[in-house]
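Next up, structure.cif (mmCIF, C-alpha atoms; chains and numbers go by the auth columns):
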data_start
loop_
_atom_site.group_PDB
_atom_site.id
_atom_site.type_symbol
_atom_site.label_atom_id
_atom_site.label_comp_id
_atom_site.label_asym_id
_atom_site.label_seq_id
_atom_site.Cartn_x
_atom_site.Cartn_y
_atom_site.Cartn_z
_atom_site.B_iso_or_equiv
_atom_site.auth_seq_id
_atom_site.auth_asym_id
ATOM 1 C CA PHE A 1 138.266 58.097 99.092 0.00 1 A
ATOM 2 C CA GLY A 2 136.523 56.982 95.932 0.00 2 A
ATOM 3 C CA TYR A 3 138.145 53.547 95.535 0.00 3 A
ATOM 4 C CA ASP A 4 136.224 50.803 93.803 0.00 4 A
ATOM 5 C CA PRO A 5 135.277 47.850 96.090 0.00 5 A
ATOM 6 C CA ALA A 6 138.079 45.573 94.852 0.00 6 A
ATOM 7 C CA THR A 7 140.771 48.214 95.397 0.00 7 A
ATOM 8 C CA ALA A 8 139.337 49.150 98.796 0.00 8 A
ATOM 9 C CA ARG A 9 139.416 45.495 99.860 0.00 9 A
ATOM 10 C CA ARG A 10 143.001 45.078 98.673 0.00 10 A
ATOM 11 C CA LEU A 11 144.181 48.205 100.506 0.00 11 A
ATOM 12 C CA THR A 12 142.328 47.047 103.615 0.00 12 A
ATOM 13 C CA ASP A 13 144.072 43.676 103.536 0.00 13 A
ATOM 14 C CA GLU A 14 147.467 45.343 103.041 0.00 14 A
ATOM 15 C CA ALA A 15 146.851 47.745 105.952 0.00 15 A
ATOM 16 C CA LEU A 16 145.823 44.886 108.243 0.00 16 A
ATOM 17 C CA GLU A 17 148.859 42.852 107.259 0.00 17 A
ATOM 18 C CA LYS A 18 151.198 45.760 107.980 0.00 18 A
ATOM 19 C CA VAL A 19 150.017 45.946 111.594 0.00 19 A
ATOM 20 C CA ASN A 20 149.806 42.153 112.041 0.00 20 A
ATOM 21 C CA MET A 21 146.038 42.156 112.465 0.00 21 A
ATOM 22 C CA THR A 22 145.057 39.839 109.599 0.00 22 A
ATOM 23 C CA ASP A 23 144.147 36.972 111.940 0.00 23 A
ATOM 24 C CA ALA A 24 141.748 39.236 113.872 0.00 24 A
ATOM 25 C CA ALA A 25 140.217 40.897 110.797 0.00 25 A
ATOM 26 C CA ASP A 26 136.828 39.159 111.190 0.00 26 A
ATOM 27 C CA ARG A 27 136.464 39.823 114.912 0.00 27 A
ATOM 28 C CA ARG A 28 134.407 42.691 116.272 0.00 28 A
ATOM 29 C CA ILE A 29 136.528 45.638 117.367 0.00 29 A
ATOM 30 C CA ALA A 30 134.682 45.681 120.709 0.00 30 A
ATOM 31 C CA ALA A 31 136.387 42.355 121.474 0.00 31 A
ATOM 32 C CA TYR A 32 139.897 43.761 120.860 0.00 32 A
ATOM 33 C CA SER A 33 142.367 44.526 123.611 0.00 33 A
ATOM 34 C CA LYS A 34 143.595 48.116 124.028 0.00 34 A
ATOM 35 C CA GLY A 35 146.792 47.321 122.152 0.00 35 A
ATOM 36 C CA MET A 36 144.870 45.694 119.297 0.00 36 A
ATOM 37 C CA ARG A 37 142.606 48.752 119.057 0.00 37 A
ATOM 38 C CA GLN A 38 145.650 50.977 118.747 0.00 38 A
ATOM 39 C CA ARG A 39 146.949 48.855 115.891 0.00 39 A
ATOM 40 C CA ILE A 40 143.596 48.780 114.084 0.00 40 A
ATOM 41 C CA LYS A 41 143.418 52.567 114.352 0.00 41 A
ATOM 42 C CA LEU A 42 146.862 52.724 112.757 0.00 42 A
ATOM 43 C CA ALA A 43 145.645 50.449 109.959 0.00 43 A
ATOM 44 C CA GLN A 44 142.569 52.633 109.437 0.00 44 A
ATOM 45 C CA ALA A 45 144.675 55.789 109.267 0.00 45 A
ATOM 46 C CA ASN A 46 147.086 54.256 106.782 0.00 46 A
ATOM 47 C CA ALA A 47 144.733 52.233 104.557 0.00 47 A
ATOM 48 C CA HIS A 48 144.410 54.952 101.897 0.00 48 A
ATOM 49 C CA ARG A 49 148.193 55.525 101.866 0.00 49 A
ATOM 50 C CA PRO A 50 148.318 59.187 102.900 0.00 50 A
ATOM 51 C CA ASP A 51 151.489 61.198 102.200 0.00 51 A
ATOM 52 C CA ILE A 52 151.422 62.538 105.775 0.00 52 A
ATOM 53 C CA LEU A 53 150.353 60.478 108.777 0.00 53 A
ATOM 54 C CA ILE A 54 149.704 62.330 112.078 0.00 54 A
ATOM 55 C CA LEU A 55 149.650 60.094 115.157 0.00 55 A
ATOM 56 C CA ASP A 56 148.939 60.941 118.800 0.00 56 A
ATOM 57 C CA GLU A 57 150.641 58.553 121.253 0.00 57 A
ATOM 58 C CA PRO A 58 150.564 55.623 118.782 0.00 58 A
ATOM 59 C CA LEU A 59 152.483 53.304 121.143 0.00 59 A
ATOM 60 C CA ASN A 60 150.030 53.692 124.001 0.00 60 A
ATOM 61 C CA GLY A 61 148.808 50.334 125.345 0.00 61 A
ATOM 62 C CA GLN A 62 151.377 48.294 123.434 0.00 62 A
ATOM 63 C CA ASP A 63 153.556 45.624 125.019 0.00 63 A
ATOM 64 C CA PRO A 64 157.337 45.808 124.365 0.00 64 A
ATOM 65 C CA MET A 65 157.210 43.395 121.416 0.00 65 A
ATOM 66 C CA ALA A 66 154.343 45.303 119.772 0.00 66 A
ATOM 67 C CA ARG A 67 156.164 48.592 120.342 0.00 67 A
ATOM 68 C CA ALA A 68 159.254 47.259 118.571 0.00 68 A
ATOM 69 C CA GLU A 69 157.155 46.013 115.647 0.00 69 A
ATOM 70 C CA ILE A 70 155.377 49.355 115.255 0.00 70 A
ATOM 71 C CA LEU A 71 158.640 51.300 115.452 0.00 71 A
ATOM 72 C CA ASP A 72 160.005 49.090 112.660 0.00 72 A
ATOM 73 C CA LEU A 73 156.812 49.754 110.706 0.00 73 A
ATOM 74 C CA PHE A 74 157.305 53.512 111.071 0.00 74 A
ATOM 75 C CA ARG A 75 160.859 53.191 109.757 0.00 75 A
ATOM 76 C CA GLN A 76 159.617 51.164 106.792 0.00 76 A
ATOM 77 C CA MET A 77 156.880 53.683 106.004 0.00 77 A
ATOM 78 C CA ALA A 78 159.369 56.551 106.189 0.00 78 A
ATOM 79 C CA SER A 79 161.785 54.718 103.872 0.00 79 A
ATOM 80 C CA GLU A 80 158.930 54.437 101.378 0.00 80 A
ATOM 81 C CA GLY A 81 158.526 58.205 101.329 0.00 81 A
ATOM 82 C CA GLN A 82 155.760 58.680 103.861 0.00 82 A
ATOM 83 C CA HIS A 83 156.005 61.558 106.354 0.00 83 A
ATOM 84 C CA ILE A 84 155.029 60.607 109.908 0.00 84 A
ATOM 85 C CA ILE A 85 154.331 63.193 112.616 0.00 85 A
ATOM 86 C CA ILE A 86 154.165 61.681 116.102 0.00 86 A
ATOM 87 C CA SER A 87 153.062 63.312 119.338 0.00 87 A
ATOM 88 C CA SER A 88 154.517 61.377 122.268 0.00 88 A
ATOM 89 C CA HIS A 89 155.612 61.671 125.902 0.00 89 A
ATOM 90 C CA ILE A 90 157.721 58.502 125.623 0.00 90 A
ATOM 91 C CA LEU A 91 160.869 60.408 124.789 0.00 91 A
ATOM 92 C CA HIS A 92 163.341 57.533 124.523 0.00 92 A
ATOM 93 C CA GLU A 93 161.171 55.980 121.813 0.00 93 A
ATOM 94 C CA VAL A 94 161.057 59.310 119.983 0.00 94 A
ATOM 95 C CA ASP A 95 164.853 59.148 119.955 0.00 95 A
ATOM 96 C CA LEU A 96 164.775 55.781 118.196 0.00 96 A
ATOM 97 C CA ILE A 97 162.814 56.910 115.154 0.00 97 A
ATOM 98 C CA SER A 98 162.916 60.686 114.760 0.00 98 A
ATOM 99 C CA ASP A 99 165.121 62.641 112.379 0.00 99 A
ATOM 100 C CA ARG A 100 163.585 65.914 113.572 0.00 100 A
ATOM 101 C CA VAL A 101 161.969 66.893 116.873 0.00 101 A
ATOM 102 C CA LEU A 102 159.783 69.769 118.035 0.00 102 A
ATOM 103 C CA ILE A 103 159.825 70.257 121.812 0.00 103 A
ATOM 104 C CA LEU A 104 156.903 72.099 123.406 0.00 104 A
ATOM 105 C CA ASN A 105 156.405 73.331 126.952 0.00 105 A
ATOM 106 C CA GLN A 106 153.293 75.181 128.143 0.00 106 A
ATOM 107 C CA GLY A 107 152.338 75.798 124.502 0.00 107 A
ATOM 108 C CA TYR A 108 155.680 77.356 123.531 0.00 108 A
ATOM 109 C CA VAL A 109 158.176 75.930 121.036 0.00 109 A
ATOM 110 C CA MET A 110 161.439 75.407 122.917 0.00 110 A
ATOM 111 C CA ALA A 111 163.466 73.550 120.283 0.00 111 A
ATOM 112 C CA ASP A 112 163.103 72.541 116.657 0.00 112 A
ATOM 113 C CA GLY A 113 165.493 70.481 114.545 0.00 113 A
ATOM 114 C CA ASP A 114 167.521 67.287 114.675 0.00 114 A
ATOM 115 C CA ILE A 115 168.361 66.464 118.278 0.00 115 A
ATOM 116 C CA ARG A 116 172.157 66.544 117.861 0.00 116 A
ATOM 117 C CA SER A 117 172.093 70.093 116.477 0.00 117 A
ATOM 118 C CA VAL A 118 169.732 71.241 119.214 0.00 118 A
ATOM 119 C CA ARG A 119 171.943 69.703 121.899 0.00 119 A
ATOM 120 C CA THR A 120 175.107 71.250 120.413 0.00 120 A
ATOM 121 C CA GLU A 121 173.607 74.732 120.664 0.00 121 A
ATOM 122 C CA MET A 122 173.008 74.396 124.402 0.00 122 A
ATOM 123 C CA ASP A 123 176.209 76.105 125.559 0.00 123 A
ATOM 124 C CA THR A 124 175.131 76.309 129.199 0.00 124 A
ATOM 125 C CA HIS A 125 175.100 72.516 129.535 0.00 125 A
ATOM 126 C CA PRO A 126 178.385 70.751 128.653 0.00 126 A
ATOM 127 C CA LEU A 127 177.916 67.509 126.743 0.00 127 A
ATOM 128 C CA GLN A 128 178.368 64.385 128.873 0.00 128 A
ATOM 129 C CA ILE A 129 180.250 61.499 127.257 0.00 129 A
ATOM 130 C CA LEU A 130 180.428 58.073 128.880 0.00 130 A
ATOM 131 C CA ILE A 131 183.483 56.009 127.954 0.00 131 A
ATOM 132 C CA ARG A 132 183.863 52.402 129.072 0.00 132 A
ATOM 133 C CA CYS A 133 187.409 51.067 128.804 0.00 133 A
ATOM 134 C CA ASP A 134 190.090 49.041 130.586 0.00 134 A
ATOM 135 C CA LYS A 135 192.111 52.061 131.828 0.00 135 A
ATOM 136 C CA ALA A 136 189.429 54.469 132.941 0.00 136 A
ATOM 137 C CA THR A 137 191.579 56.178 135.605 0.00 137 A
ATOM 138 C CA LEU A 138 194.387 56.821 133.117 0.00 138 A
ATOM 139 C CA LEU A 139 191.926 58.158 130.566 0.00 139 A
ATOM 140 C CA ALA A 140 190.395 60.473 133.162 0.00 140 A
ATOM 141 C CA SER A 141 193.749 61.945 134.226 0.00 141 A
ATOM 142 C CA SER A 142 194.802 62.423 130.600 0.00 142 A
ATOM 143 C CA ALA A 143 191.578 64.229 129.650 0.00 143 A
ATOM 144 C CA LEU A 144 191.618 66.527 132.680 0.00 144 A
ATOM 145 C CA GLN A 145 194.417 68.688 131.234 0.00 145 A
ATOM 146 C CA PHE A 146 192.224 70.117 128.449 0.00 146 A
ATOM 147 C CA ASP A 147 190.383 73.395 129.062 0.00 147 A
ATOM 148 C CA HIS A 148 187.127 72.319 127.415 0.00 148 A
ATOM 149 C CA VAL A 149 186.821 69.347 129.813 0.00 149 A
ATOM 150 C CA VAL A 150 184.915 70.765 132.781 0.00 150 A
ATOM 151 C CA GLU A 151 184.089 67.686 134.878 0.00 151 A
ATOM 152 C CA ILE A 152 185.092 64.037 135.164 0.00 152 A
ATOM 153 C CA LYS A 153 183.313 61.333 137.164 0.00 153 A
ATOM 154 C CA MET A 154 184.385 57.719 137.542 0.00 154 A
ATOM 155 C CA HIS A 155 181.769 55.024 137.113 0.00 155 A
ATOM 156 C CA GLU A 156 181.162 53.021 140.277 0.00 156 A
ATOM 157 C CA ASP A 157 182.649 49.858 138.714 0.00 157 A
ATOM 158 C CA ARG A 158 185.827 51.807 137.793 0.00 158 A
ATOM 159 C CA GLN A 159 185.470 50.558 134.211 0.00 159 A
ATOM 160 C CA GLY A 160 183.950 53.743 132.884 0.00 160 A
ATOM 161 C CA VAL A 161 184.367 57.495 133.063 0.00 161 A
ATOM 162 C CA LEU A 162 181.800 60.254 132.477 0.00 162 A
ATOM 163 C CA ILE A 163 183.418 63.323 130.945 0.00 163 A
ATOM 164 C CA SER A 164 181.667 66.687 130.550 0.00 164 A
ATOM 165 C CA THR A 165 183.031 68.905 127.775 0.00 165 A
ATOM 166 C CA ARG A 166 182.115 72.249 126.238 0.00 166 A
ATOM 167 C CA ASP A 167 183.563 71.174 122.882 0.00 167 A
ATOM 168 C CA ALA A 168 182.534 67.637 121.942 0.00 168 A
ATOM 169 C CA GLU A 169 184.215 67.756 118.528 0.00 169 A
ATOM 170 C CA ALA A 170 187.563 68.733 120.050 0.00 170 A
ATOM 171 C CA PHE A 171 187.195 66.089 122.752 0.00 171 A
ATOM 172 C CA TYR A 172 186.539 63.272 120.286 0.00 172 A
ATOM 173 C CA GLY A 173 189.723 64.340 118.475 0.00 173 A
ATOM 174 C CA ILE A 174 191.902 64.173 121.578 0.00 174 A
ATOM 175 C CA LEU A 175 190.211 60.965 122.711 0.00 175 A
ATOM 176 C CA ASN A 176 191.639 59.144 119.701 0.00 176 A
ATOM 177 C CA ARG A 177 195.091 60.411 120.541 0.00 177 A
ATOM 178 C CA ILE A 178 194.846 59.457 124.230 0.00 178 A
ATOM 179 C CA VAL A 179 193.630 55.958 123.374 0.00 179 A
ATOM 180 C CA LEU A 180 196.494 55.359 120.941 0.00 180 A
ATOM 181 C CA GLU A 181 199.180 56.859 123.174 0.00 181 A
ATOM 182 C CA HIS A 182 198.216 54.798 126.224 0.00 182 A
ATOM 183 C CA ASP A 183 197.048 51.613 124.462 0.00 183 A
ATOM 184 C CA ILE A 184 193.578 51.833 125.984 0.00 184 A
ATOM 185 C CA ASN A 185 191.006 49.217 124.990 0.00 185 A
ATOM 186 C CA VAL A 186 187.709 51.052 124.534 0.00 186 A
ATOM 187 C CA GLU A 187 184.459 49.109 124.911 0.00 187 A
ATOM 188 C CA SER A 188 182.051 51.950 124.109 0.00 188 A
ATOM 189 C CA VAL A 189 181.765 55.720 123.703 0.00 189 A
ATOM 190 C CA THR A 190 178.272 57.131 124.281 0.00 190 A
ATOM 191 C CA ALA A 191 176.861 60.650 124.443 0.00 191 A
ATOM 192 C CA ALA A 192 175.098 60.308 127.790 0.00 192 A
ATOM 193 C CA ASP A 193 172.770 63.302 127.436 0.00 193 A
ATOM 194 C CA GLU A 194 172.388 63.787 123.693 0.00 194 A
ATOM 195 C CA ASP A 195 168.772 62.696 123.620 0.00 195 A
ATOM 196 C CA VAL A 196 165.296 64.197 123.646 0.00 196 A
ATOM 197 C CA PHE A 197 164.713 63.635 127.371 0.00 197 A
ATOM 198 C CA ALA A 198 167.956 65.362 128.397 0.00 198 A
ATOM 199 C CA VAL A 199 167.354 68.297 126.055 0.00 199 A
ATOM 200 C CA TYR A 200 163.782 68.681 127.316 0.00 200 A
ATOM 201 C CA ARG A 201 164.943 68.534 130.948 0.00 201 A
ATOM 202 C CA TYR A 202 167.621 71.173 130.349 0.00 202 A
ATOM 203 C CA LEU A 203 165.259 73.473 128.448 0.00 203 A
ATOM 204 C CA VAL A 204 162.521 73.225 131.072 0.00 204 A
ATOM 205 C CA SER A 205 164.973 73.893 133.918 0.00 205 A
ATOM 206 C CA GLU A 206 166.326 76.953 132.082 0.00 206 A
ATOM 207 C CA GLU A 207 162.786 78.210 131.503 0.00 207 A
ATOM 208 C CA GLY A 208 162.054 77.808 135.196 0.00 208 A
ATOM 209 C CA ASP A 209 165.160 79.806 136.100 0.00 209 A
ATOM 210 C CA SER A 210 164.129 82.725 133.905 0.00 210 A
ATOM 211 C CA PRO A 211 162.622 85.749 135.642 0.00 211 A
#
Can you turn what I pasted into structure tokens?
Amino acid sequence: FGYDPATARRLTDEALEKVNMTDAADRRIAAYSKGMRQRIKLAQANAHRPDILILDEPLNGQDPMARAEILDLFRQMASEGQHIIISSHILHEVDLISDRVLILNQGYVMADGDIRSVRTEMDTHPLQILIRCDKATLLASSALQFDHVVEIKMHEDRQGVLISTRDAEAFYGILNRIVLEHDINVESVTAADEDVFAVYRYLVSEEGDSP
């Protein structure tokens, strides 16, 4: 890339430090583990500070700690203005770092955008919301009266309820009212299928049902 030797060395050192490979910098790459090779490839790709970084399965071969470190690195790089395009089959990790997703199946684009917007547009699949609280049965009976609530399932420990709704925004509004009216202590409220894996599964099943 036309850098003078001193600049090239400095950028090399910075790239190695970013992926925690400084201690192994003088070892032959042939002696690296698979995970270490993945990290050195990431350092090589990023050493010249490209505006756009395209990575294919960058977390392959990494142990859980290394995965967490690399995900944090991606967030840092993005905060510094770098654009990172990642191809991955590990969908829950895509959820952790992506602000936009492109879902492909058999070479066709099935969805494009931020995952919440994509999920909201899927009218044929009501959104599932898991609520853990101290009065799950009362919450379930109170929510059942609303037309946009289409299904309610109790968690096996009776401390949670899974509610399917066609209008998540309306449901979150009434949820506040139910909680206040019945003095319900809520531990957590989680969209149970507002993630890349659920969206992909729904899209693929719909595609399979098409004539």
**Request:** Report the residues retrieved by the PyMOL selection byres ((chain A and resi 172) around 12) from the displayed file, expressed as a VMD selection string.
**Result:** chain A and resid 127 to 131 143 148 to 149 163 to 171 173 to 179 189 to 191
Could you write those residues out with C-alpha atoms, as a PDB file, keeping the file's coordinate frame?
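Result file selection-v2.pdb:
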ATOM      1  CA  LEU A 127     177.916  67.509 126.743  1.00  0.00           C
ATOM      2  CA  GLN A 128     178.368  64.385 128.873  1.00  0.00           C
ATOM      3  CA  ILE A 129     180.250  61.499 127.257  1.00  0.00           C
ATOM      4  CA  LEU A 130     180.428  58.073 128.880  1.00  0.00           C
ATOM      5  CA  ILE A 131     183.483  56.009 127.954  1.00  0.00           C
ATOM      6  CA  ALA A 143     191.578  64.229 129.650  1.00  0.00           C
ATOM      7  CA  HIS A 148     187.127  72.319 127.415  1.00  0.00           C
ATOM      8  CA  VAL A 149     186.821  69.347 129.813  1.00  0.00           C
ATOM      9  CA  ILE A 163     183.418  63.323 130.945  1.00  0.00           C
ATOM     10  CA  SER A 164     181.667  66.687 130.550  1.00  0.00           C
ATOM     11  CA  THR A 165     183.031  68.905 127.775  1.00  0.00           C
ATOM     12  CA  ARG A 166     182.115  72.249 126.238  1.00  0.00           C
ATOM     13  CA  ASP A 167     183.563  71.174 122.882  1.00  0.00           C
ATOM     14  CA  ALA A 168     182.534  67.637 121.942  1.00  0.00           C
ATOM     15  CA  GLU A 169     184.215  67.756 118.528  1.00  0.00           C
ATOM     16  CA  ALA A 170     187.563  68.733 120.050  1.00  0.00           C
ATOM     17  CA  PHE A 171     187.195  66.089 122.752  1.00  0.00           C
ATOM     18  CA  GLY A 173     189.723  64.340 118.475  1.00  0.00           C
ATOM     19  CA  ILE A 174     191.902  64.173 121.578  1.00  0.00           C
ATOM     20  CA  LEU A 175     190.211  60.965 122.711  1.00  0.00           C
ATOM     21  CA  ASN A 176     191.639  59.144 119.701  1.00  0.00           C
ATOM     22  CA  ARG A 177     195.091  60.411 120.541  1.00  0.00           C
ATOM     23  CA  ILE A 178     194.846  59.457 124.230  1.00  0.00           C
ATOM     24  CA  VAL A 179     193.630  55.958 123.374  1.00  0.00           C
ATOM     25  CA  VAL A 189     181.765  55.720 123.703  1.00  0.00           C
ATOM     26  CA  THR A 190     178.272  57.131 124.281  1.00  0.00           C
ATOM     27  CA  ALA A 191     176.861  60.650 124.443  1.00  0.00           C
TER      28      ALA A 191
END
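Of the residues listed (A:Gln44, A:Glu93, A:Arg28, A:Asp23), A:Gln44 shows the shortest atom-to-atom separation from Ala8 in chain A; distances use all atoms listed in the file.
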**Message:** So that I can check the surroundings of Tyr202 in chain A, please list as a list in words every protein, DNA and RNA residue that reaches within 12 Å of it, counting all atoms listed in the file and ignoring chain neighbours fewer than 5 positions away.
**Reply:** Ile103, Asn105, Met110, Ala111, Val118, Arg119, Glu121, Met122, Asp123, Thr124, His125, Pro126, Leu127, Asp193, Glu194, Asp195, Val196, Phe197, Glu207, Gly208 and Asp209 of chain A
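The smallest atom-to-atom distance between Ile54 in chain A and any of A:Leu139, A:Ile184, A:Leu42, A:Val101, using all atoms listed in the file, is found for A:Leu42.
Reported to one decimal place, the separation of CA of Pro58 in chain A from CA of Gly35 in chain A is 9.7 Å.
In terms of minimum interatomic distance to Arg100 in chain A, A:His83 ranks closest within A:Arg27, A:Lys34, A:His83, A:Arg158, counting only C-alpha atoms.
We find CA of Leu53 in chain A and CA of Thr120 in chain A to be spaced 29.4 Å apart.
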